[in-house]
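Next comes start12.cif, a file with mmCIF, C-alpha atoms.
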data_work
#
loop_
_atom_site.group_PDB
_atom_site.id
_atom_site.type_symbol
_atom_site.label_atom_id
_atom_site.label_comp_id
_atom_site.auth_asym_id
_atom_site.auth_seq_id
_atom_site.Cartn_x
_atom_site.Cartn_y
_atom_site.Cartn_z
ATOM 1 C CA MET O 68 17.148 1.087 20.786
ATOM 2 C CA PRO O 69 16.153 0.779 17.109
ATOM 3 C CA GLN O 70 18.877 0.248 14.510
ATOM 4 C CA PHE O 71 19.074 2.019 11.178
ATOM 5 C CA VAL O 72 21.113 1.286 8.075
ATOM 6 C CA LEU O 73 22.549 4.342 6.354
ATOM 7 C CA MET O 74 23.202 3.541 2.688
ATOM 8 C CA LEU O 75 25.656 6.038 1.243
ATOM 9 C CA ARG O 76 24.775 6.667 -2.381
ATOM 10 C CA ASP O 77 27.112 8.364 -4.846
ATOM 11 C CA ASN O 78 28.390 8.046 -8.398
ATOM 12 C CA GLY O 79 31.174 5.693 -7.288
ATOM 13 C CA GLN O 80 34.086 8.074 -7.893
ATOM 14 C CA PHE O 81 35.922 10.890 -6.192
ATOM 15 C CA PRO O 82 35.817 14.176 -8.112
ATOM 16 C CA PRO O 83 38.397 13.766 -10.911
ATOM 17 C CA HIS O 84 40.200 17.032 -10.111
ATOM 18 C CA TRP O 85 41.062 16.063 -6.528
ATOM 19 C CA THR O 86 44.664 15.665 -5.476
ATOM 20 C CA GLU O 87 45.860 12.716 -3.427
ATOM 21 C CA ALA O 88 45.983 15.005 -0.357
ATOM 22 C CA GLU O 89 42.336 16.049 -0.885
ATOM 23 C CA ILE O 90 41.251 12.421 -1.173
ATOM 24 C CA HIS O 91 43.168 11.536 2.005
ATOM 25 C CA SER O 92 41.574 14.488 3.842
ATOM 26 C CA CYS O 93 38.100 13.378 2.738
ATOM 27 C CA ILE O 94 38.713 9.833 3.952
ATOM 28 C CA GLU O 95 39.812 11.180 7.337
ATOM 29 C CA ARG O 96 36.592 13.231 7.573
ATOM 30 C CA TYR O 97 34.543 10.091 6.897
ATOM 31 C CA GLN O 98 36.474 8.174 9.554
ATOM 32 C CA GLN O 99 35.893 10.930 12.129
ATOM 33 C CA TRP O 100 32.189 11.065 11.256
ATOM 34 C CA MET O 101 31.864 7.286 11.676
ATOM 35 C CA ILE O 102 33.518 7.505 15.106
ATOM 36 C CA THR O 103 31.086 10.219 16.240
ATOM 37 C CA MET O 104 28.134 8.169 14.938
ATOM 38 C CA GLY O 105 29.194 5.179 17.047
ATOM 39 C CA GLY O 106 28.106 2.821 14.321
ATOM 40 C CA SER O 107 29.779 0.201 12.229
ATOM 41 C CA GLY O 108 30.079 0.193 8.491
ATOM 42 C CA GLN O 109 32.275 -0.191 5.462
ATOM 43 C CA LYS O 110 33.137 1.477 2.185
ATOM 44 C CA LEU O 111 32.165 -0.736 -0.732
ATOM 45 C CA ARG O 112 34.529 -1.212 -3.674
ATOM 46 C CA ASP O 113 33.826 1.133 -6.559
ATOM 47 C CA ASN O 114 32.569 -0.123 -9.926
ATOM 48 C CA GLU O 115 32.133 -3.779 -9.059
ATOM 49 C CA GLY O 116 29.660 -6.223 -7.641
ATOM 50 C CA ARG O 117 27.231 -8.908 -8.761
ATOM 51 C CA VAL O 118 23.465 -9.054 -9.032
ATOM 52 C CA VAL O 119 21.807 -12.436 -8.450
ATOM 53 C CA VAL O 120 18.280 -13.086 -9.740
ATOM 54 C CA LYS O 121 16.368 -16.358 -9.519
ATOM 55 C CA LYS O 122 15.044 -17.348 -12.929
ATOM 56 C CA GLU O 123 13.355 -20.434 -14.255
ATOM 57 C CA GLY O 124 16.010 -23.111 -14.442
ATOM 58 C CA GLY O 125 18.433 -21.544 -11.995
ATOM 59 C CA LEU O 126 20.159 -18.322 -11.092
ATOM 60 C CA SER O 127 21.144 -15.460 -13.342
ATOM 61 C CA ILE O 128 24.265 -13.617 -12.236
ATOM 62 C CA THR O 129 25.247 -10.322 -13.834
ATOM 63 C CA ASP O 130 27.794 -7.677 -13.103
ATOM 64 C CA GLY O 131 26.469 -4.835 -11.022
ATOM 65 C CA PRO O 132 25.591 -2.369 -9.817
ATOM 66 C CA PHE O 133 23.651 -1.524 -12.924
ATOM 67 C CA ALA O 134 25.444 0.929 -15.198
ATOM 68 C CA GLU O 135 22.245 2.857 -15.903
ATOM 69 C CA ALA O 136 21.841 3.725 -12.222
ATOM 70 C CA ARG O 137 22.643 7.365 -11.539
ATOM 71 C CA GLU O 138 23.727 6.628 -8.002
ATOM 72 C CA VAL O 139 25.142 3.471 -6.480
ATOM 73 C CA ILE O 140 25.575 2.420 -2.883
ATOM 74 C CA GLY O 141 29.195 3.280 -2.143
ATOM 75 C CA GLY O 142 29.115 2.297 1.517
ATOM 76 C CA PHE O 143 26.870 1.579 4.452
ATOM 77 C CA MET O 144 26.696 2.099 8.177
ATOM 78 C CA VAL O 145 24.521 0.697 10.965
ATOM 79 C CA ILE O 146 23.645 3.091 13.793
ATOM 80 C CA GLU O 147 21.257 3.270 16.711
ATOM 81 C CA ALA O 148 18.681 6.057 16.940
ATOM 82 C CA ASP O 149 15.377 6.649 18.713
ATOM 83 C CA SER O 150 13.439 7.218 15.460
ATOM 84 C CA TYR O 151 13.770 8.063 11.768
ATOM 85 C CA GLU O 152 13.888 11.738 12.720
ATOM 86 C CA HIS O 153 16.746 11.084 15.156
ATOM 87 C CA ALA O 154 18.644 9.018 12.549
ATOM 88 C CA ILE O 155 18.241 11.793 9.975
ATOM 89 C CA GLN O 156 19.377 14.405 12.478
ATOM 90 C CA ARG O 157 22.526 12.349 13.093
ATOM 91 C CA CYS O 158 23.263 12.422 9.334
ATOM 92 C CA ARG O 159 23.206 16.218 9.049
ATOM 93 C CA ASP O 160 26.976 16.678 9.471
ATOM 94 C CA SER O 161 27.988 13.763 7.243
ATOM 95 C CA PRO O 162 30.751 14.598 4.758
ATOM 96 C CA HIS O 163 28.950 12.274 2.353
ATOM 97 C CA LEU O 164 26.208 14.829 1.741
ATOM 98 C CA GLU O 165 28.746 16.857 -0.254
ATOM 99 C CA PHE O 166 28.925 14.016 -2.823
ATOM 100 C CA GLY O 167 25.676 12.102 -2.709
ATOM 101 C CA SER O 168 22.688 11.103 -0.672
ATOM 102 C CA ILE O 169 22.035 8.894 2.339
ATOM 103 C CA GLU O 170 19.161 6.422 2.328
ATOM 104 C CA VAL O 171 17.982 5.689 5.883
ATOM 105 C CA ARG O 172 16.219 2.361 6.566
ATOM 106 C CA GLN O 173 15.161 0.916 9.903
ATOM 107 C CA VAL O 174 16.279 -2.626 10.681
ATOM 108 C CA GLU O 175 13.423 -4.938 11.584
ATOM 109 C CA LEU O 176 14.456 -6.794 14.696
#

Show me, as structure tokens, the structure contained in the file I just sent.
Amino acid sequence: MPQFVLMLRDNGQFPPHWTEAEIHSCIERYQQWMITMGGSGQKLRDNEGRVVVKKEGGLSITDGPFAEAREVIGGFMVIEADSYEHAIQRCRDSPHLEFGSIEVRQVEL
């Protein structure tokens, strides 16, 4: 069955007015959603990373993701689905859609 990567895009922060209990509840919803999806994935650390670019004379390494980006990839998940349409259908009940978008890309095997 084809595999798809779901890239969870957001602004890299929980809403500032949330209590600790609301954050914990949201994390539990994500965990339940991941279990129902049957995929594997991880939350990426907020506000850090590196961008590597090959330039003449070597590599250029900068902090990333880029600050000018409106949305950053906050996490990812790999799932199996019959098609793009099936993968998108499986995303419909994602708690992430309350905070950002999900980019769906098929893995080339």

query: So which one's closest to Met74 (chain O), O:His153, O:Lys122, O:Arg172, O:His91? Using all atoms listed in the file, please.
result: O:Arg172

- prompt: Could you state the separation of CA of Glu165 (chain O) and CA of Asp77 (chain O) in Å, given to one decimal place?
  reply: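 About the pair CA of Glu165 (chain O) and CA of Asp77 (chain O): they are 9.8 Å apart.
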
- prompt: With all atoms listed in the file as the atoms that count, which of O:Leu126, O:Val139, O:Leu164, O:Cys158 lies nearest to Met101 (chain O)?
  reply: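 Nearest candidate to Met101 (chain O) out of O:Leu126, O:Val139, O:Leu164, O:Cys158: O:Cys158.
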
- prompt: What does the distance between CA of Cys93 (chain O) and CA of His163 (chain O) come to in Å, to one decimal place?
  reply: 9.2 Å

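Take the candidates O:Ile140, O:Ile94, O:Met68, O:Val171 and check each one against Glu152 (chain O) using only C-alpha atoms; the shortest distance goes to O:Val171.
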
task: Step by step, work through what the PyMOL selection byres ((chain O and resi 142) around 7) selects in the shown file, and finish by giving those residues as a count of residues only.
output: 8

- request: Take CA of Gly106 (chain O) and CA of Ala148 (chain O) and report the distance between them in Å, one decimal.
  value: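 Interatomic distance, CA of Gly106 (chain O) to CA of Ala148 (chain O): 10.3 Å.
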
query: Residues picked by the PyMOL selection byres ((chain O and resi 105) around 12) here, as an MDAnalysis selection string?
result: chainID O and resid 70 98:104 106:108 144:148 157

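Closest approach to Ile169 (chain O) among O:Arg76, O:Ala154, O:Lys121, O:Glu138 is made by O:Arg76 (distances from only C-alpha atoms).
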
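Non-sequential neighbours of Val120 (chain O) (distance at most 12 Å, separation of 6 or more positions within a chain, all atoms listed in the file) are Leu126, Ser127, Ile128, Thr129, Asp130 and Gly131 of chain O.
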